[in-house]
file upload.cif (mmCIF, C-alpha atoms)
data_upload
loop_
_atom_site.group_PDB
_atom_site.id
_atom_site.type_symbol
_atom_site.label_atom_id
_atom_site.label_comp_id
_atom_site.auth_asym_id
_atom_site.auth_seq_id
_atom_site.Cartn_x
_atom_site.Cartn_y
_atom_site.Cartn_z
ATOM 1 C CA ILE G 1 110.236 71.631 112.318
ATOM 2 C CA LYS G 2 107.200 71.879 110.013
ATOM 3 C CA ALA G 3 106.283 75.258 111.547
ATOM 4 C CA ALA G 4 109.847 76.497 111.086
ATOM 5 C CA SER G 5 109.811 75.317 107.482
ATOM 6 C CA GLN G 6 106.611 77.241 106.774
ATOM 7 C CA MET G 7 108.008 80.420 108.316
ATOM 8 C CA ARG G 8 111.167 79.977 106.280
ATOM 9 C CA ASN G 9 109.059 79.753 103.119
ATOM 10 C CA TYR G 10 107.297 82.982 104.072
ATOM 11 C CA GLU G 11 110.654 84.640 104.769
ATOM 12 C CA ILE G 12 112.013 83.603 101.381
ATOM 13 C CA ALA G 13 108.888 84.937 99.658
ATOM 14 C CA PHE G 14 109.124 88.326 101.378
ATOM 15 C CA SER G 15 112.882 88.506 100.793
ATOM 16 C CA THR G 16 112.239 87.963 97.095
ATOM 17 C CA MET G 17 109.488 90.578 96.948
ATOM 18 C CA LEU G 18 111.577 93.140 98.853
ATOM 19 C CA LYS G 19 114.873 92.121 97.244
ATOM 20 C CA SER G 20 116.465 91.970 100.697
ATOM 21 C CA ALA G 21 116.894 89.052 103.095
ATOM 22 C CA ASP G 22 117.036 91.392 106.100
ATOM 23 C CA LYS G 23 113.848 93.220 105.096
ATOM 24 C CA GLY G 24 112.117 89.927 104.414
ATOM 25 C CA LYS G 25 113.016 88.616 107.859
ATOM 26 C CA THR G 26 111.995 91.865 109.556
ATOM 27 C CA ILE G 27 108.562 92.116 107.954
ATOM 28 C CA LEU G 28 107.808 88.458 108.715
ATOM 29 C CA GLN G 29 108.662 88.999 112.383
ATOM 30 C CA ASP G 30 106.426 92.090 112.405
ATOM 31 C CA LEU G 31 103.574 90.054 110.910
ATOM 32 C CA GLN G 32 104.070 87.248 113.441
ATOM 33 C CA ARG G 33 103.812 89.753 116.286
ATOM 34 C CA PHE G 34 100.787 91.350 114.646
ATOM 35 C CA ALA G 35 99.009 87.995 114.400
ATOM 36 C CA ALA G 36 99.853 87.103 118.009
ATOM 37 C CA GLU G 37 98.333 90.369 119.230
ATOM 38 C CA THR G 38 95.174 90.247 117.104
ATOM 39 C CA PRO G 39 92.302 87.826 116.400
ATOM 40 C CA PHE G 40 93.893 86.773 113.094
ATOM 41 C CA ASP G 41 96.267 83.925 112.182
ATOM 42 C CA VAL G 42 99.731 84.117 110.633
ATOM 43 C CA PRO G 43 98.841 82.509 107.260
ATOM 44 C CA GLY G 44 95.944 84.933 106.746
ATOM 45 C CA VAL G 45 97.986 87.957 107.798
ATOM 46 C CA VAL G 46 100.873 86.897 105.540
ATOM 47 C CA GLN G 47 98.567 86.456 102.546
ATOM 48 C CA SER G 48 97.011 89.877 103.119
ATOM 49 C CA ALA G 49 100.459 91.473 103.376
ATOM 50 C CA GLN G 50 101.560 89.781 100.165
ATOM 51 C CA GLN G 51 98.413 91.020 98.439
ATOM 52 C CA LEU G 52 99.075 94.592 99.513
ATOM 53 C CA MET G 53 102.703 94.419 98.407
ATOM 54 C CA ALA G 54 101.730 92.950 95.055
ATOM 55 C CA PHE G 55 99.423 95.941 94.557
ATOM 56 C CA GLY G 56 102.267 98.366 95.229
ATOM 57 C CA PHE G 57 102.030 99.090 98.962
ATOM 58 C CA ALA G 58 105.490 99.780 100.432
ATOM 59 C CA ALA G 59 106.904 97.627 103.231
ATOM 60 C CA ASP G 60 106.503 100.412 105.801
ATOM 61 C CA GLU G 61 102.813 100.769 104.857
ATOM 62 C CA ILE G 62 101.948 97.116 105.469
ATOM 63 C CA ILE G 63 101.467 96.994 109.249
ATOM 64 C CA PRO G 64 99.613 100.343 109.517
ATOM 65 C CA THR G 65 97.343 99.329 106.641
ATOM 66 C CA LEU G 66 96.769 95.852 108.084
ATOM 67 C CA ARG G 67 95.847 97.435 111.395
ATOM 68 C CA ILE G 68 93.082 99.444 109.712
ATOM 69 C CA LEU G 69 91.934 96.421 107.689
ATOM 70 C CA GLY G 70 92.086 94.206 110.763
ATOM 71 C CA ASP G 71 90.066 96.613 112.880
ATOM 72 C CA THR G 72 87.492 96.843 110.095
ATOM 73 C CA ALA G 73 87.262 93.083 109.630
ATOM 74 C CA ALA G 74 87.025 92.603 113.405
ATOM 75 C CA GLY G 75 84.270 95.206 113.637
ATOM 76 C CA LEU G 76 82.346 93.438 110.894
ATOM 77 C CA GLY G 77 82.782 90.042 112.556
ATOM 78 C CA LYS G 78 85.028 88.734 109.784
ATOM 79 C CA SER G 79 88.019 86.381 109.948
ATOM 80 C CA SER G 80 91.388 86.553 108.174
ATOM 81 C CA ALA G 81 89.517 85.924 104.921
ATOM 82 C CA GLY G 82 87.704 89.212 105.498
ATOM 83 C CA VAL G 83 91.016 91.052 105.839
ATOM 84 C CA GLN G 84 92.124 89.527 102.535
ATOM 85 C CA GLN G 85 88.854 90.531 100.862
ATOM 86 C CA ILE G 86 89.277 94.155 101.922
ATOM 87 C CA ALA G 87 92.988 94.161 101.051
ATOM 88 C CA TYR G 88 92.195 92.923 97.558
ATOM 89 C CA ALA G 89 89.567 95.609 97.010
ATOM 90 C CA LEU G 90 91.914 98.389 98.173
ATOM 91 C CA GLY G 91 94.683 96.962 96.022
ATOM 92 C CA GLN G 92 92.426 97.076 92.984
ATOM 93 C CA ILE G 93 91.630 100.715 93.705
ATOM 94 C CA ARG G 94 95.301 101.607 94.183
ATOM 95 C CA THR G 95 96.395 100.178 90.836
ATOM 96 C CA SER G 96 93.511 101.576 88.815
ATOM 97 C CA GLY G 97 94.692 105.195 88.783
ATOM 98 C CA THR G 98 91.162 106.497 88.989
ATOM 99 C CA LEU G 99 88.343 105.152 91.130
ATOM 100 C CA LYS G 100 86.197 102.455 89.523
ATOM 101 C CA THR G 101 82.613 101.635 90.496
ATOM 102 C CA GLN G 102 83.230 97.878 90.642
ATOM 103 C CA ASP G 103 86.105 98.363 93.087
ATOM 104 C CA VAL G 104 83.986 100.457 95.461
ATOM 105 C CA ASN G 105 81.228 97.860 95.179
ATOM 106 C CA GLN G 106 83.687 95.215 96.387
ATOM 107 C CA LEU G 107 84.104 97.236 99.567
ATOM 108 C CA THR G 108 80.353 97.649 99.820
ATOM 109 C CA ASN G 109 79.938 93.882 99.546
ATOM 110 C CA ALA G 110 82.448 93.507 102.384
ATOM 111 C CA GLY G 111 80.276 95.726 104.589
ATOM 112 C CA ILE G 112 82.136 99.036 104.155
ATOM 113 C CA ASN G 113 80.099 102.115 103.213
ATOM 114 C CA ALA G 114 82.763 103.597 100.977
ATOM 115 C CA TRP G 115 80.351 105.672 98.906
ATOM 116 C CA GLU G 116 79.153 107.505 101.990
ATOM 117 C CA ALA G 117 82.719 108.092 103.185
ATOM 118 C CA LEU G 118 83.664 109.644 99.826
ATOM 119 C CA ALA G 119 80.514 111.751 99.785
ATOM 120 C CA GLN G 120 81.037 113.111 103.290
ATOM 121 C CA ALA G 121 84.695 113.941 102.618
ATOM 122 C CA SER G 122 83.853 115.844 99.438
ATOM 123 C CA GLY G 123 80.681 117.534 100.623
ATOM 124 C CA LYS G 124 78.775 116.006 97.708
ATOM 125 C CA SER G 125 75.943 113.528 97.477
ATOM 126 C CA ILE G 126 76.513 109.821 96.922
ATOM 127 C CA ARG G 127 74.865 110.191 93.512
ATOM 128 C CA GLU G 128 77.325 112.932 92.529
ATOM 129 C CA ILE G 129 80.264 110.785 93.695
ATOM 130 C CA LYS G 130 79.021 107.849 91.643
ATOM 131 C CA GLU G 131 78.664 110.041 88.568
ATOM 132 C CA ALA G 132 82.178 111.446 89.044
ATOM 133 C CA THR G 133 83.478 107.900 89.435
ATOM 134 C CA GLU G 134 81.851 106.793 86.176
ATOM 135 C CA LYS G 135 83.566 109.719 84.438
ATOM 136 C CA GLY G 136 86.981 108.773 85.915
ATOM 137 C CA MET G 137 87.250 112.036 87.851
ATOM 138 C CA ILE G 138 88.295 110.667 91.259
ATOM 139 C CA ASP G 139 91.955 109.897 91.925
ATOM 140 C CA SER G 140 92.419 106.396 93.357
ATOM 141 C CA ALA G 141 95.173 107.384 95.806
ATOM 142 C CA LYS G 142 92.992 110.143 97.281
ATOM 143 C CA ALA G 143 90.048 107.735 97.420
ATOM 144 C CA ILE G 144 92.068 105.212 99.403
ATOM 145 C CA GLU G 145 93.166 107.931 101.806
ATOM 146 C CA VAL G 146 89.550 108.952 102.422
ATOM 147 C CA ILE G 147 88.187 105.412 102.667
ATOM 148 C CA THR G 148 90.880 104.126 105.042
ATOM 149 C CA ALA G 149 90.513 107.204 107.242
ATOM 150 C CA SER G 150 86.778 106.529 107.451
ATOM 151 C CA MET G 151 87.443 102.859 108.270
ATOM 152 C CA ALA G 152 89.816 103.889 111.046
ATOM 153 C CA ASP G 153 87.210 106.265 112.488
ATOM 154 C CA ASP G 154 84.411 103.704 112.310
ATOM 155 C CA PHE G 155 86.277 100.585 113.449
ATOM 156 C CA GLY G 156 89.430 101.740 115.262
ATOM 157 C CA GLY G 157 90.264 99.547 118.258
ATOM 158 C CA MET G 158 88.014 96.641 117.257
ATOM 159 C CA MET G 159 90.858 94.107 117.064
ATOM 160 C CA GLU G 160 91.854 94.925 120.609
ATOM 161 C CA ALA G 161 88.246 94.592 121.739
ATOM 162 C CA ARG G 162 87.885 91.189 120.093
ATOM 163 C CA SER G 163 91.251 90.069 121.440
ATOM 164 C CA GLN G 164 89.923 90.592 124.967
ATOM 165 C CA GLU G 165 87.097 88.117 124.418
ATOM 166 C CA VAL G 166 87.451 84.350 124.909
ATOM 167 C CA GLU G 167 87.971 83.685 121.200
ATOM 168 C CA GLY G 168 90.574 86.422 120.997
ATOM 169 C CA TYR G 169 92.548 85.170 123.986
ATOM 170 C CA TRP G 170 92.448 81.660 122.568
ATOM 171 C CA ASN G 171 93.664 82.820 119.165
ATOM 172 C CA ASN G 172 96.490 84.808 120.764
ATOM 173 C CA ILE G 173 97.564 81.709 122.700
ATOM 174 C CA VAL G 174 97.478 79.562 119.554
ATOM 175 C CA GLU G 175 99.481 82.066 117.506
ATOM 176 C CA SER G 176 102.043 82.585 120.276
ATOM 177 C CA ILE G 177 102.499 78.820 120.570
ATOM 178 C CA GLY G 178 102.849 78.610 116.790
ATOM 179 C CA ASN G 179 105.518 81.317 116.794
ATOM 180 C CA ALA G 180 107.360 79.507 119.598
ATOM 181 C CA GLN G 181 107.190 76.224 117.676
ATOM 182 C CA ALA G 182 108.605 77.889 114.582
ATOM 183 C CA THR G 183 111.459 79.426 116.582
ATOM 184 C CA ILE G 184 112.269 76.139 118.320
ATOM 185 C CA GLY G 185 112.078 74.319 115.003
ATOM 186 C CA SER G 186 114.502 76.823 113.502
ATOM 187 C CA PHE G 187 116.965 76.211 116.336
ATOM 188 C CA VAL G 188 116.647 72.453 115.840
ATOM 189 C CA THR G 189 117.142 72.505 112.085
ATOM 190 C CA GLU G 190 120.116 74.847 112.314
ATOM 191 C CA SER G 191 121.855 72.974 115.136
ATOM 192 C CA SER G 192 121.291 69.351 114.080
ATOM 193 C CA ASP G 193 121.763 69.579 110.315
ATOM 194 C CA VAL G 194 118.262 68.249 109.703
ATOM 195 C CA LYS G 195 118.233 69.707 106.201
ATOM 196 C CA ASN G 196 121.116 67.536 104.997
ATOM 197 C CA ALA G 197 119.680 64.462 106.683
ATOM 198 C CA LEU G 198 116.331 64.999 104.978
ATOM 199 C CA LYS G 199 118.091 65.546 101.646
ATOM 200 C CA VAL G 200 119.814 62.168 101.956
ATOM 201 C CA VAL G 201 116.496 60.448 102.705
ATOM 202 C CA SER G 202 114.764 62.346 99.882
ATOM 203 C CA ASP G 203 117.434 61.312 97.375
ATOM 204 C CA GLU G 204 117.194 57.667 98.472
ATOM 205 C CA VAL G 205 113.412 57.587 98.201
ATOM 206 C CA SER G 206 113.576 59.266 94.789
ATOM 207 C CA ASP G 207 116.081 56.671 93.557
ATOM 208 C CA ILE G 208 113.838 53.830 94.749
ATOM 209 C CA SER G 209 110.783 55.371 93.065
ATOM 210 C CA ASN G 210 112.652 55.818 89.780
ATOM 211 C CA ALA G 211 113.983 52.269 89.900
ATOM 212 C CA LEU G 212 110.489 50.841 90.451
ATOM 213 C CA MET G 213 109.075 52.801 87.526
ATOM 214 C CA GLU G 214 111.934 51.711 85.242
ATOM 215 C CA ALA G 215 111.411 48.076 86.209
ATOM 216 C CA LYS G 216 107.680 48.321 85.526
ATOM 217 C CA ASN G 217 108.278 49.981 82.153
ATOM 218 C CA ALA G 218 110.697 47.186 81.301
ATOM 219 C CA GLY G 219 107.970 44.604 81.958
ATOM 220 C CA LYS G 220 109.613 43.064 85.005
ATOM 221 C CA GLY G 221 107.652 41.380 87.775
ATOM 222 C CA PHE G 222 107.025 42.821 91.224
ATOM 223 C CA GLY G 223 109.605 40.661 92.976
ATOM 224 C CA GLU G 224 112.327 41.491 90.494
ATOM 225 C CA ALA G 225 111.450 45.185 90.642
ATOM 226 C CA ILE G 226 111.769 45.161 94.436
ATOM 227 C CA LYS G 227 115.179 43.510 94.238
ATOM 228 C CA GLU G 228 116.417 46.126 91.801
ATOM 229 C CA ALA G 229 114.919 49.118 93.588
ATOM 230 C CA PHE G 230 115.869 48.375 97.194
ATOM 231 C CA PRO G 231 119.369 47.815 98.610
ATOM 232 C CA GLN G 232 119.933 44.089 99.228
ATOM 233 C CA GLU G 233 120.425 44.607 102.965
ATOM 234 C CA VAL G 234 116.875 45.882 103.462
ATOM 235 C CA ILE G 235 115.226 42.967 101.638
ATOM 236 C CA VAL G 236 114.383 40.206 104.094
#
call {"tool": "encode", "arguments": {"input": "upload.cif", "output": "structure tokens"}}
result
Amino acid sequence: IKAASQMRNYEIAFSTMLKSADKGKTILQDLQRFAAETPFDVPGVVQSAQQLMAFGFAADEIIPTLRILGDTAAGLGKSSAGVQQIAYALGQIRTSGTLKTQDVNQLTNAGINAWEALAQASGKSIREIKEATEKGMIDSAKAIEVITASMADDFGGMMEARSQEVEGYWNNIVESIGNAQATIGSFVTESSDVKNALKVVSDEVSDISNALMEAKNAGKGFGEAIKEAFPQEVIV
């Protein structure tokens, strides 16, 4: 049930971002499958997707972009946190309009030789690219296109390679089990009205807590507070 609740929270978040319940459900299912087939976990993949969307990436760009970021992170020996680090750097570049030195340096710190990729694509030296960047002469959208293409060339297929190692197989098993738990939990909550049952319990506990605080504020003793807060039938 807890797993189903977490997935439901993700679904609500994506539905809000995409302004569509159907689109929110679809992208979450795509991300669950992506996580189950790669060395990365659902929470990390979801956070990376949310980062990309917040920076203006369209829903249909998310999985292809995550695949490039995932391959790169896998090739650099990084975890889901590495995917998020790269996603954040690319997001910063996308929203800046023109390429900024500090954004490229974030990629460099992550292990990606973005300066070299830009230099090779333009036929210029790294020094010339850096000077053009300082002058705001490089379009950020074009820079992302060049950098991601270079990442795909350098690291393409690395997630699959890591998934075929012991750690990768284990992660795939864990994520598949997690997805199954979430699905089963969803069936349970929908068929047994767990939500309403939990609401009743939550309301009762809240009433007891409020009654105890009111009794304490009124200067009443512990025994009297218990009598007022709890139904008589539960007091032995």
call {"tool": "residues_around", "arguments": {"input": "upload.cif", "residues": "Asp103 of chain G", "least_positions_apart": "4", "cutoff": "9 Å", "atoms": "only C-alpha atoms", "output": "mmCIF file with C-alpha atoms, keeping the file's coordinate frame"}}
result
data_model
loop_
_atom_site.group_PDB
_atom_site.id
_atom_site.type_symbol
_atom_site.label_atom_id
_atom_site.label_comp_id
_atom_site.auth_asym_id
_atom_site.auth_seq_id
_atom_site.Cartn_x
_atom_site.Cartn_y
_atom_site.Cartn_z
ATOM 1 C CA ALA G 89 89.567 95.609 97.010
ATOM 2 C CA LEU G 90 91.914 98.389 98.173
ATOM 3 C CA GLN G 92 92.426 97.076 92.984
ATOM 4 C CA ILE G 93 91.630 100.715 93.705
ATOM 5 C CA LEU G 99 88.343 105.152 91.130
ATOM 6 C CA LEU G 107 84.104 97.236 99.567
ATOM 7 C CA THR G 108 80.353 97.649 99.820
#
call {"tool": "atom_distance", "arguments": {"input": "upload.cif", "atom1": "atom CA of Asp139 of chain G", "atom2": "atom CA of Thr98 of chain G"}}
result
4.6 Å
call {"tool": "resolve_selection", "arguments": {"input": "upload.cif", "expression": "the PyMOL selection byres ((chain G and resi 106) around 12)", "output": "CSV table (one decimal) with C-alpha atoms, in the frame of the given file"}}
result
chain,number,residue,atom,x,y,z
G,82,GLY,CA,87.7,89.2,105.5
G,84,GLN,CA,92.1,89.5,102.5
G,85,GLN,CA,88.9,90.5,100.9
G,86,ILE,CA,89.3,94.2,101.9
G,87,ALA,CA,93.0,94.2,101.1
G,88,TYR,CA,92.2,92.9,97.6
G,89,ALA,CA,89.6,95.6,97.0
G,90,LEU,CA,91.9,98.4,98.2
G,91,GLY,CA,94.7,97.0,96.0
G,92,GLN,CA,92.4,97.1,93.0
G,93,ILE,CA,91.6,100.7,93.7
G,100,LYS,CA,86.2,102.5,89.5
G,101,THR,CA,82.6,101.6,90.5
G,102,GLN,CA,83.2,97.9,90.6
G,103,ASP,CA,86.1,98.4,93.1
G,104,VAL,CA,84.0,100.5,95.5
G,105,ASN,CA,81.2,97.9,95.2
G,107,LEU,CA,84.1,97.2,99.6
G,108,THR,CA,80.4,97.6,99.8
G,109,ASN,CA,79.9,93.9,99.5
G,110,ALA,CA,82.4,93.5,102.4
G,111,GLY,CA,80.3,95.7,104.6
G,112,ILE,CA,82.1,99.0,104.2
G,113,ASN,CA,80.1,102.1,103.2
G,114,ALA,CA,82.8,103.6,101.0
G,115,TRP,CA,80.4,105.7,98.9
call {"tool": "resolve_selection", "arguments": {"input": "upload.cif", "expression": "the PyMOL selection byres ((chain G and resi 27-32) around 10)", "output": "MDAnalysis selection string"}}
result
chainID G and resid 7:8 10:15 18 22:26 33:37 41:43 45:46 49 59:60 62:63 66 175:176 178:179
call {"tool": "resolve_selection", "arguments": {"input": "upload.cif", "expression": "the PyMOL selection byres ((chain G and resi 55) around 8)", "output": "PyMOL selection string"}}
result
chain G and resi 51-54+56-57+91-92+94-95
call {"tool": "closest_residue", "arguments": {"input": "upload.cif", "among": "G:Asp153, G:Ala225, G:Ser96, G:Ile126", "to": "Ser140 of chain G", "atoms": "only C-alpha atoms"}}
result
G:Ser96
call {"tool": "residues_around", "arguments": {"input": "upload.cif", "residues": "Ala121 of chain G", "least_positions_apart": "6", "cutoff": "12 Å", "atoms": "all atoms listed in the file", "output": "list in words"}}
result
Ala114, Trp115, Ile129, Lys142, Ala143, Ile144, Glu145, Val146, Ile147, Thr148, Ala149 and Ser150 of chain G
call {"tool": "atom_distance", "arguments": {"input": "upload.cif", "atom1": "atom CA of Pro39 of chain G", "atom2": "atom CA of Gly75 of chain G"}}
result
11.3 Å
call {"tool": "atom_distance", "arguments": {"input": "upload.cif", "atom1": "atom CA of Leu69 of chain G", "atom2": "atom CA of Val83 of chain G"}}
result
5.8 Å
call {"tool": "residues_around", "arguments": {"input": "upload.cif", "residues": "Gly77 of chain G", "least_positions_apart": "3", "cutoff": "12 Å", "atoms": "only C-alpha atoms", "output": "ChimeraX atom specification"}}
result
/G:39-40,70-74,80-83,110-111,155,158-159,161-162,167
call {"tool": "residues_around", "arguments": {"input": "upload.cif", "residues": "Ala211 of chain G", "least_positions_apart": "6", "cutoff": "12 Å", "atoms": "all atoms listed in the file", "output": "PyMOL selection string"}}
result
chain G and resi 204-205+217-218+220+222+224-231
